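Next up, my_file13.tsv (TSV, C-alpha atoms):
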chain	number	residue	atom	x	y	z
A	2	VAL	CA	174.03	98.45	54.10
A	3	ASN	CA	176.55	100.88	55.61
A	4	ARG	CA	176.64	98.78	58.74
A	5	ALA	CA	177.27	95.71	56.57
A	6	VAL	CA	180.27	97.45	54.97
A	7	GLU	CA	181.59	98.48	58.40
A	8	VAL	CA	181.36	94.92	59.66
A	9	GLY	CA	182.93	93.66	56.41
A	10	SER	CA	185.91	96.01	56.79
A	11	MET	CA	186.51	94.75	60.33
A	12	ASP	CA	185.59	91.09	60.30
A	13	GLY	CA	185.38	90.27	56.60
A	14	LEU	CA	182.22	89.68	54.64
A	15	ASP	CA	181.82	86.34	56.33
A	16	GLY	CA	180.99	88.32	59.48
A	17	VAL	CA	178.19	90.01	57.56
A	18	THR	CA	175.24	87.86	58.46
A	19	ILE	CA	171.54	88.48	58.77
A	20	GLY	CA	171.67	87.77	62.51
A	21	ARG	CA	174.60	90.07	63.22
A	22	LEU	CA	173.13	92.93	61.24
A	23	ALA	CA	169.76	92.50	62.88
A	24	GLY	CA	171.44	92.67	66.31
A	25	ASP	CA	173.60	95.68	65.42
A	26	LEU	CA	170.70	97.61	63.96
A	27	GLU	CA	168.14	96.47	66.52
A	28	MET	CA	166.00	95.11	63.75
A	29	SER	CA	164.30	91.76	63.61
A	30	LYS	CA	165.96	89.07	61.50
A	31	ALA	CA	162.76	88.96	59.46
A	32	GLY	CA	163.14	92.69	58.81
A	33	VAL	CA	166.69	92.25	57.50
A	34	ILE	CA	165.71	89.23	55.41
A	35	GLY	CA	162.76	91.21	54.04
A	36	GLN	CA	165.14	93.87	52.79
A	37	PHE	CA	167.91	91.69	51.37
A	38	GLY	CA	166.58	88.17	50.98
A	39	SER	CA	169.76	86.27	51.90
A	40	LYS	CA	173.20	86.58	53.42
A	41	GLU	CA	174.70	86.46	49.95
A	42	ALA	CA	172.47	89.28	48.67
A	43	LEU	CA	173.43	91.29	51.75
A	44	GLN	CA	177.14	90.69	51.05
A	45	LEU	CA	176.73	91.72	47.41
A	46	ALA	CA	174.89	94.87	48.53
A	47	ALA	CA	177.78	95.69	50.89
A	48	LEU	CA	180.23	95.17	48.02
A	49	ASP	CA	178.16	97.52	45.85
A	50	ARG	CA	178.05	100.20	48.50
A	51	ALA	CA	181.80	99.99	49.16
A	52	SER	CA	182.46	100.19	45.40
A	53	GLU	CA	180.28	103.28	45.04
A	54	GLU	CA	182.09	104.91	47.90
A	55	PHE	CA	185.49	103.95	46.44
A	56	VAL	CA	184.59	105.42	43.05
A	57	ALA	CA	183.24	108.58	44.68
A	58	THR	CA	186.39	109.27	46.71
A	59	VAL	CA	189.09	107.89	44.40
A	60	VAL	CA	187.89	108.31	40.82
A	61	ALA	CA	185.04	110.83	40.62
A	62	SER	CA	187.18	113.96	40.96
A	63	THR	CA	189.33	112.85	38.01
A	64	ALA	CA	186.46	112.15	35.62
A	65	GLU	CA	186.92	115.40	33.67
A	66	MET	CA	190.70	115.06	33.32
A	67	PRO	CA	192.16	113.75	30.06
A	68	HIS	CA	193.45	110.18	30.29
A	69	GLY	CA	197.15	109.92	31.08
A	70	LEU	CA	199.80	110.64	33.67
A	71	GLU	CA	198.16	113.54	35.50
A	72	ARG	CA	194.93	111.60	35.88
A	73	LEU	CA	196.81	108.45	36.92
A	74	LEU	CA	198.69	110.36	39.64
A	75	ALA	CA	195.47	111.99	40.86
A	76	ILE	CA	193.79	108.58	41.08
A	77	CYS	CA	196.78	107.10	42.93
A	78	ASP	CA	197.00	110.01	45.37
A	79	ASN	CA	193.26	109.78	46.05
A	80	TRP	CA	193.71	106.05	46.57
A	81	VAL	CA	196.54	106.63	49.06
A	82	ASP	CA	194.38	109.19	50.90
A	83	HIS	CA	191.47	106.79	50.90
A	84	VAL	CA	193.52	103.97	52.42
A	85	SER	CA	195.13	106.40	54.89
A	86	ARG	CA	191.83	107.77	56.12
A	87	PRO	CA	189.52	104.86	55.63
A	88	THR	CA	185.79	105.44	55.54
A	89	TRP	CA	185.23	102.14	57.32
A	90	PRO	CA	186.54	101.30	60.77
A	91	GLY	CA	188.46	98.19	59.69
A	92	GLY	CA	190.63	99.92	57.08
A	93	CYS	CA	190.45	99.32	53.37
A	94	PHE	CA	187.33	97.29	52.65
A	95	PHE	CA	188.67	95.87	49.40
A	96	THR	CA	191.97	94.77	50.90
A	97	ALA	CA	190.03	92.97	53.62
A	98	ILE	CA	187.61	91.20	51.35
A	99	SER	CA	189.94	90.47	48.44
A	100	VAL	CA	192.10	88.47	50.84
A	101	GLU	CA	189.04	86.87	52.39
A	102	PHE	CA	187.49	85.74	49.11
A	103	ASP	CA	190.61	84.80	47.23
A	104	SER	CA	190.30	81.12	47.92
A	105	GLY	CA	186.51	80.93	47.80
A	106	ARG	CA	183.96	80.03	45.18
A	107	GLY	CA	180.52	81.34	44.39
A	108	PRO	CA	178.90	84.60	43.30
A	109	VAL	CA	180.51	86.82	45.96
A	110	HIS	CA	183.98	85.51	45.09
A	111	ASP	CA	183.30	86.01	41.38
A	112	GLU	CA	182.12	89.55	41.97
A	113	VAL	CA	185.25	90.37	44.02
A	114	VAL	CA	187.46	89.01	41.21
A	115	ALA	CA	185.50	90.90	38.53
A	116	ARG	CA	185.82	94.20	40.41
A	117	ALA	CA	189.52	93.71	41.09
A	118	ARG	CA	190.03	92.99	37.38
A	119	GLN	CA	188.05	96.08	36.44
A	120	TRP	CA	190.16	98.21	38.74
A	121	ARG	CA	193.38	96.91	37.18
A	122	SER	CA	192.02	97.76	33.74
A	123	VAL	CA	191.33	101.34	34.88
A	124	LEU	CA	194.95	101.66	36.03
A	125	LYS	CA	196.20	100.04	32.84
A	126	ARG	CA	194.25	102.44	30.63
A	127	GLU	CA	195.81	105.45	32.38
A	128	VAL	CA	199.36	104.05	32.26
A	129	ARG	CA	198.96	103.26	28.57
A	130	ALA	CA	197.57	106.74	27.87
A	131	ALA	CA	200.55	108.25	29.70
A	132	VAL	CA	202.92	106.23	27.51
A	133	GLU	CA	201.05	107.26	24.36
A	134	ALA	CA	201.16	110.92	25.39
A	135	GLY	CA	204.93	110.66	25.85
A	136	ASP	CA	204.75	111.34	29.61
A	137	LEU	CA	206.18	107.89	30.34
A	138	SER	CA	208.96	106.17	28.41
A	139	PRO	CA	207.85	104.18	25.34
A	140	ASP	CA	209.74	101.21	26.87
A	141	THR	CA	207.37	101.18	29.86
A	142	ASP	CA	206.19	97.65	30.70
A	143	VAL	CA	202.56	98.60	31.33
A	144	ASP	CA	201.56	95.36	33.09
A	145	GLN	CA	204.65	95.52	35.30
A	146	VAL	CA	203.84	99.09	36.33
A	147	VAL	CA	200.22	98.19	37.11
A	148	PHE	CA	201.37	95.16	39.11
A	149	GLU	CA	203.69	97.31	41.21
A	150	ILE	CA	201.23	100.17	41.71
A	151	GLN	CA	198.42	97.93	42.96
A	152	ALA	CA	200.73	96.41	45.58
A	153	ILE	CA	201.49	99.76	47.24
A	154	PRO	CA	198.09	100.52	48.79
A	155	MET	CA	198.03	96.98	50.22
A	156	GLY	CA	201.38	97.58	51.90
A	157	LEU	CA	200.14	101.00	53.01
A	158	ASN	CA	197.02	99.49	54.54
A	159	GLN	CA	199.18	97.07	56.52
A	160	SER	CA	201.56	99.80	57.72
A	161	ILE	CA	198.67	101.92	58.91
A	162	GLN	CA	196.44	99.24	60.36
A	163	LEU	CA	199.11	97.08	62.01
A	164	PHE	CA	201.71	99.68	62.99
A	165	GLY	CA	199.85	103.00	62.91
A	166	ASP	CA	202.72	104.31	60.77
A	167	ARG	CA	201.88	107.93	60.01
A	168	ARG	CA	204.67	108.36	57.48
A	169	ALA	CA	203.37	105.49	55.38
A	170	ALA	CA	201.12	107.65	53.15
A	171	ALA	CA	204.10	109.79	52.09
A	172	ARG	CA	206.09	106.62	51.47
A	173	ALA	CA	203.30	105.23	49.30
A	174	ARG	CA	203.19	108.41	47.19
A	175	ARG	CA	206.97	108.31	46.79
A	176	ALA	CA	206.84	104.62	45.87
A	177	ILE	CA	204.26	105.23	43.13
A	178	ARG	CA	206.37	107.99	41.60
A	179	ARG	CA	209.42	105.75	41.67
A	180	ILE	CA	207.47	103.02	39.91
A	181	LEU	CA	206.58	105.54	37.21
A	182	GLY	CA	210.17	106.76	36.97
A	183	LEU	CA	209.24	110.24	38.22
A	184	ALA	CA	210.89	112.43	40.85
A	185	ALA	CA	209.55	112.29	44.40
A	186	PRO	CA	206.61	114.60	45.17
A	187	SER	CA	207.42	117.82	46.97
B	16	VAL	CA	197.83	72.29	64.24
B	17	ASN	CA	198.48	71.88	60.51
B	18	ARG	CA	194.76	71.66	59.90
B	19	ALA	CA	194.33	74.86	61.93
B	20	VAL	CA	196.84	76.64	59.68
B	21	GLU	CA	195.09	75.33	56.56
B	22	VAL	CA	191.75	76.60	57.79
B	23	GLY	CA	193.38	79.90	58.80
B	24	SER	CA	194.83	80.42	55.32
B	25	MET	CA	191.42	79.87	53.75
B	26	ASP	CA	188.92	81.35	56.16
B	27	GLY	CA	191.08	83.39	58.50
B	28	LEU	CA	191.96	82.53	62.05
B	29	ASP	CA	188.44	83.37	63.09
B	30	GLY	CA	187.41	80.23	61.25
B	31	VAL	CA	189.82	78.26	63.44
B	32	THR	CA	187.53	77.07	66.20
B	33	ILE	CA	187.51	74.09	68.47
B	34	GLY	CA	184.28	72.83	66.90
B	35	ARG	CA	185.49	73.15	63.32
B	36	LEU	CA	188.79	71.46	64.04
B	37	ALA	CA	187.09	68.67	65.93
B	38	GLY	CA	184.78	68.09	62.94
B	39	ASP	CA	187.58	68.24	60.36
B	40	LEU	CA	189.79	65.88	62.31
B	41	GLU	CA	186.98	63.60	63.45
B	42	MET	CA	187.98	64.23	67.04
B	43	SER	CA	185.73	65.08	69.93
B	44	LYS	CA	185.58	68.73	70.99
B	45	ALA	CA	186.81	67.59	74.38
B	46	GLY	CA	189.83	66.03	72.67
B	47	VAL	CA	190.71	69.29	70.90
B	48	ILE	CA	190.16	71.33	74.06
B	49	GLY	CA	192.32	68.87	75.96
B	50	GLN	CA	195.18	69.53	73.56
B	51	PHE	CA	194.90	73.31	73.24
B	52	GLY	CA	192.75	74.60	76.06
B	53	SER	CA	190.99	77.40	74.17
B	54	LYS	CA	190.27	78.82	70.73
B	55	GLU	CA	192.84	81.52	71.37
B	56	ALA	CA	195.55	79.01	72.30
B	57	LEU	CA	194.69	77.07	69.17
B	58	GLN	CA	195.01	80.23	67.04
B	59	LEU	CA	198.36	81.08	68.62
B	60	ALA	CA	199.55	77.52	67.96
B	61	ALA	CA	198.52	77.89	64.30
B	62	LEU	CA	200.43	81.19	64.13
B	63	ASP	CA	203.50	79.49	65.60
B	64	ARG	CA	203.35	76.63	63.14
B	65	ALA	CA	202.93	78.97	60.15
B	66	SER	CA	205.87	81.08	61.39
B	67	GLU	CA	208.10	78.03	61.73
B	68	GLU	CA	207.18	76.96	58.24
B	69	PHE	CA	207.80	80.49	56.88
B	70	VAL	CA	211.23	80.65	58.50
B	71	ALA	CA	212.09	77.15	57.23
B	72	THR	CA	211.22	77.94	53.60
B	73	VAL	CA	212.16	81.63	53.36
B	74	VAL	CA	215.00	82.26	55.80
B	75	ALA	CA	216.69	79.01	56.80
B	76	SER	CA	218.67	78.50	53.59
B	77	THR	CA	220.21	81.98	53.97
B	78	ALA	CA	221.34	81.57	57.58
B	79	GLU	CA	224.98	80.95	56.66
B	80	MET	CA	225.23	83.85	54.20
B	81	PRO	CA	226.83	87.12	55.31
B	82	HIS	CA	224.32	89.92	55.94
B	83	GLY	CA	223.77	92.18	52.95
B	84	LEU	CA	222.50	92.33	49.40
B	85	GLU	CA	223.02	88.73	48.37
B	86	ARG	CA	221.26	87.46	51.47
B	87	LEU	CA	218.46	90.03	51.05
B	88	LEU	CA	217.85	88.92	47.46
B	89	ALA	CA	217.87	85.26	48.48
B	90	ILE	CA	215.31	85.97	51.20
B	91	CYS	CA	213.13	87.95	48.80
B	92	ASP	CA	213.31	85.29	46.08
B	93	ASN	CA	212.43	82.60	48.63
B	94	TRP	CA	209.56	84.77	49.79
B	95	VAL	CA	208.27	85.16	46.22
B	96	ASP	CA	208.53	81.39	45.71
B	97	HIS	CA	206.76	80.79	48.99
B	98	VAL	CA	203.84	83.06	48.07
B	99	SER	CA	203.75	81.60	44.53
B	100	ARG	CA	203.59	78.01	45.74
B	101	PRO	CA	201.85	78.37	49.05
B	102	THR	CA	202.11	75.56	51.55
B	103	TRP	CA	198.55	76.23	52.67
B	104	PRO	CA	195.49	75.96	50.44
B	105	GLY	CA	194.33	79.54	51.00
B	106	GLY	CA	197.51	81.24	49.83
B	107	CYS	CA	199.85	83.20	52.05
B	108	PHE	CA	198.83	82.58	55.66
B	109	PHE	CA	200.34	85.83	56.91
B	110	THR	CA	198.68	87.97	54.28
B	111	ALA	CA	195.36	86.42	55.23
B	112	ILE	CA	195.70	86.86	58.94
B	113	SER	CA	197.48	90.21	59.00
B	114	VAL	CA	194.49	91.68	57.19
B	115	GLU	CA	192.10	89.79	59.45
B	116	PHE	CA	193.67	90.93	62.70
B	117	ASP	CA	194.61	94.47	61.76
B	118	SER	CA	191.59	96.03	63.39
B	119	GLY	CA	191.33	93.66	66.34
B	120	ARG	CA	192.51	93.66	69.90
B	121	GLY	CA	193.81	90.95	72.19
B	122	PRO	CA	196.72	88.54	72.38
B	123	VAL	CA	196.35	87.10	68.87
B	124	HIS	CA	196.29	90.60	67.36
B	125	ASP	CA	199.33	91.60	69.41
B	126	GLU	CA	201.21	88.51	68.32
B	127	VAL	CA	200.42	89.19	64.64
B	128	VAL	CA	201.70	92.77	65.01
B	129	ALA	CA	204.84	91.64	66.85
B	130	ARG	CA	205.69	89.10	64.16
B	131	ALA	CA	205.07	91.56	61.33
B	132	ARG	CA	207.33	94.06	63.09
B	133	GLN	CA	210.01	91.41	63.57
B	134	TRP	CA	209.86	90.53	59.88
B	135	ARG	CA	210.31	94.17	58.88
B	136	SER	CA	213.33	94.40	61.15
B	137	VAL	CA	214.88	91.36	59.43
B	138	LEU	CA	214.46	93.07	56.04
B	139	LYS	CA	215.77	96.35	57.44
B	140	ARG	CA	218.90	94.70	58.81
B	141	GLU	CA	219.73	93.21	55.40
B	142	VAL	CA	219.07	96.45	53.50
B	143	ARG	CA	221.22	98.37	55.97
B	144	ALA	CA	224.03	95.79	55.70
B	145	ALA	CA	223.85	96.07	51.89
B	146	VAL	CA	224.25	99.86	52.16
B	147	GLU	CA	227.15	99.50	54.59
B	148	ALA	CA	228.85	97.00	52.28
B	149	GLY	CA	228.57	99.47	49.40
B	150	ASP	CA	226.23	97.19	47.40
B	151	LEU	CA	223.46	99.77	47.61
B	152	SER	CA	223.84	103.54	47.31
B	153	PRO	CA	224.71	105.38	50.55
B	154	ASP	CA	221.69	107.61	49.81
B	155	THR	CA	219.34	104.62	50.12
B	156	ASP	CA	216.28	105.44	52.24
B	157	VAL	CA	216.24	102.16	54.16
B	158	ASP	CA	212.71	102.50	55.57
B	159	GLN	CA	211.37	103.45	52.16
B	160	VAL	CA	212.98	100.39	50.56
B	161	VAL	CA	211.59	98.09	53.27
B	162	PHE	CA	208.14	99.65	52.87
B	163	GLU	CA	208.18	99.01	49.14
B	164	ILE	CA	209.61	95.48	49.36
B	165	GLN	CA	207.02	94.27	51.87
B	166	ALA	CA	204.17	95.45	49.62
B	167	ILE	CA	205.25	93.29	46.68
B	168	PRO	CA	204.45	89.82	48.08
B	169	MET	CA	201.01	91.13	49.10
B	170	GLY	CA	200.35	92.25	45.53
B	171	LEU	CA	201.77	88.95	44.31
B	172	ASN	CA	199.46	86.98	46.57
B	173	GLN	CA	196.48	88.89	45.16
B	174	SER	CA	197.57	88.37	41.54
B	175	ILE	CA	197.97	84.65	42.08
B	176	GLN	CA	194.97	83.99	44.29
B	177	LEU	CA	192.43	86.24	42.54
B	178	PHE	CA	193.61	86.05	38.94
B	179	GLY	CA	195.81	82.95	38.78
B	180	ASP	CA	198.44	85.15	37.09
B	181	ARG	CA	201.39	82.87	36.36
B	182	ARG	CA	203.69	85.72	35.32
B	183	ALA	CA	203.24	87.44	38.66
B	184	ALA	CA	206.21	85.75	40.38
B	185	ALA	CA	208.59	87.03	37.69
B	186	ARG	CA	207.02	90.50	38.01
B	187	ALA	CA	207.53	90.41	41.78
B	188	ARG	CA	211.22	89.51	41.40
B	189	ARG	CA	211.66	92.31	38.85
B	190	ALA	CA	209.85	94.77	41.14
B	191	ILE	CA	212.13	93.97	44.09
B	192	ARG	CA	215.26	94.51	41.98
B	193	ARG	CA	213.89	97.81	40.70
B	194	ILE	CA	213.18	98.92	44.29
B	195	LEU	CA	216.81	98.14	45.12
B	196	GLY	CA	218.02	99.99	42.02
B	197	LEU	CA	219.38	96.79	40.43
B	198	ALA	CA	219.03	95.44	36.93
B	199	ALA	CA	216.26	92.94	36.24
B	200	PRO	CA	217.08	89.28	36.93
B	201	SER	CA	217.93	87.13	33.94
In structure tokens, how does this file's structure come out?
Amino acid sequence: VNRAVEVGSMDGLDGVTIGRLAGDLEMSKAGVIGQFGSKEALQLAALDRASEEFVATVVASTAEMPHGLERLLAICDNWVDHVSRPTWPGGCFFTAISVEFDSGRGPVHDEVVARARQWRSVLKREVRAAVEAGDLSPDTDVDQVVFEIQAIPMGLNQSIQLFGDRRAAARARRAIRRILGLAAPS
Amino acid sequence: VNRAVEVGSMDGLDGVTIGRLAGDLEMSKAGVIGQFGSKEALQLAALDRASEEFVATVVASTAEMPHGLERLLAICDNWVDHVSRPTWPGGCFFTAISVEFDSGRGPVHDEVVARARQWRSVLKREVRAAVEAGDLSPDTDVDQVVFEIQAIPMGLNQSIQLFGDRRAAARARRAIRRILGLAAPS
């Protein structure tokens, strides 16, 4: 499954096929089919593994923090770190596959949409909690803030993967604080 | 070539192959090869066509305007419109292929990077001109502003393609004005 996620980050999930994986892992096709059943099941397993890894590096360390601004910033900073030092060779797995599956149909597409929606609702909960706690202005347009925040790691991924821009992570952190109306990080 | 760009917007340029195009266009493979020579030449031709179309819809109408804020906003608004009403069925062609080719090598990858760099330099020129004209604060961090602006259409593309969010274009316009320190558009 890890190899499937690696291939997915580089060539998209469409590159994740039984034959390719069998070749990469020096397994027989029958062996790969025996474990996953179909290309689609293999793609869904790769999606699951990448999600687990994303939650472990971006969200897990914040689980004990109260909902609100501090937790939101910790999640965003972890997210920036995660995109800056990607676990997978092709950069951010979710950026790669959310673009790949945006115009598709079928269970893999639906799962990508469901997970992207879930992730926005996590961000939204923290922004709303920060407003309720008085850490962000009561006038905050929560959906606008979430829209702007989610764009930043995509831009970061592009700056890193296309240009190798090493200052991009600091720019992303600064951008997120500006979106939230906070001072730049030290 | 148009069909190649359509396929590229949906399935990435890797889906743009001689065989696929021949099938879609009911041409012989030999006929497609005769016109383009190789898969790579076909991909580069698709990139050229998409670039022409991008320039025609996003930049051309601003060519007579003086460099600076007004021109920058016109370019950005055209860009938001372009991503909101994509010419190609798979959404923004450049978002699709810049993610696809970010971890690759070879002439198509190099061409994608060169064009992305060129586009950033267009944005940078306008932001700098706006600062010089006094329309933006002299403290403006030009690279930071360009970094933030280029992320917004990527987030917009995701909101539209994954969620069908019809308010996303207005959010993108508002985000760009906030990045520039301007009031929201009416």
Practice item. Please check which residues have atoms at most 12 Å from (201.3, 91.5, 46.8) in the file's coordinates, counting all atoms listed in the file, and write them as a PyMOL selection string. Key: (chain A and resi 96+99-100+147-159) or (chain B and resi 94-95+98-99+106-107+109-111+163-177+180+183-184+186-188+190-191)
Review point. Could you pull the residues within 10 Å of range 71-83 of chain B, counting only C-alpha atoms, minus those fewer than 5 positions along the same chain, as a list in words?
Key: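 Surrounding residues, per the criterion: Ala65, Ser66, Leu88, Ala89, Ile90, Cys91, Asp92, Asn93, Trp94, Val95, Asp96, His97, Val98, Thr102, Val137, Leu138, Arg140, Glu141, Val142, Arg143, Ala144, Ala145, Val146, Glu147, Ala148, Gly149, Asp150 and Leu151 of chain B.
Pairwise distance (CA of Leu45 in chain A, CA of Thr32 in chain B) equals 26.2 Å.
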Study note, to complete from the structure: The distance between CA of Val127 in chain B and CA of Arg64 in chain B is 13.0 Å
Practice item. May I ask which of the residues A:Leu181, A:Ala115, A:Val109, A:Met28 is the closest one to Asp140 in chain A, counting only C-alpha atoms? Key: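 Of A:Leu181, A:Ala115, A:Val109, A:Met28, the one nearest Asp140 in chain A is A:Leu181, counting only C-alpha atoms.
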**Study point:** Atomic separation - CA of Gly121 in chain B relative to CA of Asp63 in chain B, Å
**Key:**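 Going from CA of Asp63 in chain B over to CA of Gly121 in chain B covers 16.4 Å.
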Exercise for review: Check the smallest atom-to-atom distance from each of A:Phe94, A:Arg86, A:Lys125, A:Ala184 to chain B using all atoms listed in the file, then report the winner.
Suggested key: A:Phe94
Practice item. Would you please work out which residue, of B:Phe178, B:Phe51, B:Trp134, B:Phe69, is nearest to chain A when using all atoms listed in the file? Key: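 Smallest distance to chain A is found for B:Phe178.
Each of B:Glu21, B:Glu67, B:Lys44, B:Leu84 was compared to chain A using only C-alpha atoms, and B:Glu21 turns out to be the nearest.
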Practice item. Please identify all polymer residues within 12 Å of Pro122 in chain B, counting all atoms listed in the file, omitting same-chain residues fewer than 5 positions from it, and present them as a VMD selection string. Key: chain B and resid 54 to 56 58 to 59 62 116 127 to 129
Padding of 5 Å on every side, edges along x, y and z, all listed atoms of range 41-59 of chain B included: what centre and edge lengths in Å, to one decimal, does that box have, as JSON?
{"center_x": 192.0, "center_y": 72.6, "center_z": 69.8, "size_x": 22.8, "size_y": 27.9, "size_z": 22.6}
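Restricting the calculation to all atoms listed in the file, the smallest distance between Arg179 in chain A and any of A:Pro139, A:Val146, A:Arg116, A:Ala23 is found for A:Val146.
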